[in-house]
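S.K.: Here it is, the structure, as structure tokens.
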Amino acid sequence: MYGFCPLASGSKGNSLFLGTTKSKILIDAGINYKELTFRLNEIEEKIENIEAILITHDHSDHIDGLKTILAKIEIPIFSNLETAKGICRNLNVMPKFKIFTTNELFEFNDLSIFPFSVQHDTLDPVGFVIKHRDFKIGICTDLGIVSSFVKNTLMGCDYLYLEANHDVEMLFAS
């Protein structure tokens, strides 16, 4: 793996870049085409070279950029069925989907991708464990609780990208 970089994180948009010598992908696309292009250029990457976008769930801060991105470039969107339905409903678009099954491993180029269940307030949200050769990265966004399943799934990762929910009531109660 030669590159991993968070491009945006937070309620105004989420997107991550992951690259190898054979694959360049995004995880989530919550920022628009112009901003995404700018941020990719900052890390010397081109949006035209992105081969796929993996989506964790259908909340606006994870998918809002898809509409402008898809208007400019044709790119496959990897998601589970419930998230694909949410994307179509929320954005009124019909991307070229590649549907995966949550908790089932799939391959993309030189990446082995395991989308796993996480708890969040939408239908079938996922985190990802992505392997390239002997390198393993875990990605969890909007992680409100770390279940034993999530903990076990992330064991042995070389890197973890964790983003937690910010809930004011939960913060004061803790």
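In the structure tokens, chains take letters A, B, ... by order of appearance, with residues numbered from 1 within each chain and ligands from 1 in the order shown.
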Can you list every residue in chain A that DSSP puts in helix (DSSP H, G or I), as a ChimeraX atom specification?
M.R.: /A:33-42,47-49,60-63,66-72,81-91,148-154,168-173
S.K.: Would you mind exporting C-alpha atoms of the selected residues as a compact mmCIF listing (two decimals), in the first residue's frame?
M.R.:
```txt
# COMPACT_ATOMS: atom_id res chain seq x y z
CA TYR A 33 -16.32 17.34 -7.01
CA LYS A 34 -14.49 20.68 -6.86
CA GLU A 35 -13.41 20.25 -3.23
CA LEU A 36 -12.52 16.59 -3.74
CA THR A 37 -10.41 17.45 -6.79
CA PHE A 38 -8.61 20.17 -4.83
CA ARG A 39 -7.87 17.86 -1.90
CA LEU A 40 -6.69 15.02 -4.13
CA ASN A 41 -4.40 17.45 -5.97
CA GLU A 42 -2.87 18.39 -2.61
CA ILE A 47 -9.75 12.30 -9.52
CA GLU A 48 -9.71 10.78 -13.02
CA ASN A 49 -7.51 7.98 -11.64
CA SER A 60 -25.54 13.01 3.62
CA ASP A 61 -22.07 13.72 5.06
CA HIS A 62 -20.90 10.46 3.42
CA ILE A 63 -22.68 10.64 0.04
CA LEU A 66 -21.65 11.62 -5.32
CA LYS A 67 -24.10 13.66 -7.40
CA THR A 68 -21.46 16.16 -8.60
CA ILE A 69 -18.79 13.48 -8.97
CA LEU A 70 -21.04 11.23 -11.07
CA ALA A 71 -21.98 14.17 -13.28
CA LYS A 72 -18.29 14.57 -14.19
CA LEU A 81 -28.17 -3.02 -1.09
CA GLU A 82 -29.73 -0.92 1.68
CA THR A 83 -27.13 1.82 1.26
CA ALA A 84 -27.63 1.77 -2.53
CA LYS A 85 -31.37 2.27 -2.02
CA GLY A 86 -30.65 5.17 0.33
CA ILE A 87 -28.28 6.78 -2.18
CA CYS A 88 -30.88 6.58 -4.95
CA ARG A 89 -33.62 7.91 -2.67
CA ASN A 90 -31.58 10.72 -1.08
CA LEU A 91 -29.70 11.95 -4.15
CA SER A 148 -17.08 -7.25 20.54
CA PHE A 149 -17.68 -8.09 16.85
CA VAL A 150 -16.13 -4.77 15.74
CA LYS A 151 -13.25 -5.20 18.18
CA ASN A 152 -12.52 -8.73 16.94
CA THR A 153 -12.82 -7.68 13.29
CA LEU A 154 -10.29 -4.89 13.76
CA VAL A 168 -23.90 16.22 23.22
CA GLU A 169 -26.38 14.36 25.47
CA MET A 170 -24.16 11.26 25.50
CA LEU A 171 -21.12 13.43 26.25
CA PHE A 172 -22.74 15.01 29.29
CA ALA A 173 -24.10 11.67 30.51
```
S.K.: Can you list every residue of segment 90-123 of chain A that has an atom at most 8 Å from segment 75-80 of chain A, with its nearest atom pair and the distance in Å to one decimal, using only C-alpha atoms, ordered by chain then number, as a tab-separated table?
M.R.:
```
residue	atom	partner	partner_atom	distance
A:Pro95	CA	A:Ile77	CA	6.6
A:Lys96	CA	A:Pro76	CA	5.1
A:Phe97	CA	A:Ile77	CA	4.8
A:Lys98	CA	A:Phe78	CA	4.7
A:Ile99	CA	A:Asn80	CA	5.1
A:Phe100	CA	A:Asn80	CA	4.9
A:Thr101	CA	A:Asn80	CA	5.7
A:Thr102	CA	A:Asn80	CA	6.5
```
S.K.: Extract, using only C-alpha atoms, all DNA, RNA and protein residues at most 12 Å from Lys136 of chain A, discarding same-chain residues fewer than 3 positions from it, and format them as a PyMOL selection string.
M.R.: chain A and resi 1+4+18+111-114+128-133+139+153-161
S.K.: Considering only C-alpha atoms, return as a PyMOL selection string whatever protein or nucleic-acid residues lie within 12 Å of Gln119 of chain A, sequence-local ones (same chain, fewer than 4 positions apart) excluded.
M.R.: chain A and resi 56-57+123-127+140-150+164-165
S.K.: Interatomic distance between atom CA of Asp110 of chain A and atom CA of Ile43 of chain A?
M.R.: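 According to the coordinates, atom CA of Asp110 of chain A and atom CA of Ile43 of chain A are separated by 21.4 Å.
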S.K.: Suppose you want the space between atom CA of Leu26 of chain A and atom CA of Asp121 of chain A; what is it in Å?
M.R.: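 About the pair atom CA of Leu26 of chain A and atom CA of Asp121 of chain A: they are 22.5 Å apart.
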S.K.: Show which residues sit within 8 Å of Pro6 of chain A, as number ranges by chain. Count only C-alpha atoms, and ignore same-chain residues fewer than 5 positions away.
M.R.: A: 15-17
S.K.: Going by DSSP on the backbone, which residues of segment 102-140 of chain A come out as strand (DSSP E or B)? List them as a list of chain:residue names.
M.R.: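 Taking segment 102-140 of chain A and keeping strand (DSSP E or B) gives A:Phe106, A:Glu107, A:Phe108, A:Leu111, A:Ser112, A:Ile113, A:Phe114, A:Pro115, A:Phe116, A:Ser117, A:Val126, A:Gly127, A:Phe128, A:Val129, A:Ile130, A:Lys131, A:His132, A:Phe135, A:Lys136, A:Ile137, A:Gly138, A:Ile139, A:Cys140.
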S.K.: Take the residues from that selection and put them in a file with N, CA and C atoms, as a CSV table (one decimal), in the first residue's frame.
M.R.:
```csv
chain,number,residue,atom,x,y,z
A,106,PHE,N,-14.9,-9.4,-0.3
A,106,PHE,CA,-14.8,-9.3,-1.8
A,106,PHE,C,-13.5,-8.8,-2.2
A,107,GLU,N,-13.2,-8.9,-3.5
A,107,GLU,CA,-11.9,-8.5,-4.0
A,107,GLU,C,-12.1,-7.3,-5.0
A,108,PHE,N,-11.2,-6.4,-5.0
A,108,PHE,CA,-11.2,-5.3,-6.0
A,108,PHE,C,-9.7,-5.1,-6.4
A,111,LEU,N,-6.9,-5.5,-3.9
A,111,LEU,CA,-7.4,-5.3,-2.5
A,111,LEU,C,-8.4,-6.4,-2.1
A,112,SER,N,-8.3,-6.8,-0.9
A,112,SER,CA,-9.2,-7.7,-0.3
A,112,SER,C,-10.0,-6.9,0.7
A,113,ILE,N,-11.3,-6.8,0.5
A,113,ILE,CA,-12.2,-5.8,1.3
A,113,ILE,C,-13.2,-6.6,2.1
A,114,PHE,N,-13.3,-6.4,3.4
A,114,PHE,CA,-14.3,-7.0,4.2
A,114,PHE,C,-15.2,-5.9,4.8
A,115,PRO,N,-16.4,-5.8,4.3
A,115,PRO,CA,-17.3,-4.8,4.9
A,115,PRO,C,-18.1,-5.4,6.1
A,116,PHE,N,-18.0,-4.8,7.2
A,116,PHE,CA,-18.5,-5.5,8.4
A,116,PHE,C,-19.5,-4.5,9.1
A,117,SER,N,-20.5,-5.1,9.8
A,117,SER,CA,-21.6,-4.4,10.4
A,117,SER,C,-21.0,-3.5,11.6
A,126,VAL,N,-21.7,0.1,7.4
A,126,VAL,CA,-20.5,-0.8,7.5
A,126,VAL,C,-19.3,-0.1,7.8
A,127,GLY,N,-18.3,-0.8,8.4
A,127,GLY,CA,-16.9,-0.4,8.4
A,127,GLY,C,-16.2,-1.3,7.4
A,128,PHE,N,-14.9,-1.0,7.1
A,128,PHE,CA,-14.2,-1.8,6.2
A,128,PHE,C,-12.8,-2.3,6.8
A,129,VAL,N,-12.5,-3.5,6.5
A,129,VAL,CA,-11.1,-3.9,6.7
A,129,VAL,C,-10.6,-4.2,5.3
A,130,ILE,N,-9.5,-3.5,5.0
A,130,ILE,CA,-8.9,-3.6,3.6
A,130,ILE,C,-7.5,-4.1,3.8
A,131,LYS,N,-7.3,-5.2,3.0
A,131,LYS,CA,-5.9,-5.8,3.0
A,131,LYS,C,-5.3,-5.7,1.7
A,132,HIS,N,-4.0,-5.4,1.7
A,132,HIS,CA,-3.2,-5.4,0.5
A,132,HIS,C,-1.9,-6.1,0.9
A,135,PHE,N,-0.5,-6.0,4.5
A,135,PHE,CA,-0.9,-4.8,5.2
A,135,PHE,C,-2.4,-4.8,5.4
A,136,LYS,N,-2.9,-4.4,6.6
A,136,LYS,CA,-4.3,-4.4,6.9
A,136,LYS,C,-4.7,-3.1,7.6
A,137,ILE,N,-5.7,-2.4,7.0
A,137,ILE,CA,-6.2,-1.2,7.6
A,137,ILE,C,-7.7,-1.4,7.9
A,138,GLY,N,-8.1,-0.9,9.1
A,138,GLY,CA,-9.5,-0.9,9.5
A,138,GLY,C,-10.0,0.5,9.4
A,139,ILE,N,-11.2,0.6,8.9
A,139,ILE,CA,-11.9,1.9,8.7
A,139,ILE,C,-13.3,1.9,9.3
A,140,CYS,N,-13.5,2.7,10.3
A,140,CYS,CA,-14.9,2.8,10.9
A,140,CYS,C,-15.2,4.3,11.0
```
S.K.: As a PyMOL selection string, please: the residues near Gly65 of chain A (cut-off 9 Å, only C-alpha atoms, same-chain neighbours under 6 positions excluded).
M.R.: chain A and resi 13+28-33+36
S.K.: In Å, with one decimal, what is the gap from atom CA of Ile73 of chain A to atom CA of Glu44 of chain A?
M.R.: 18.6 Å
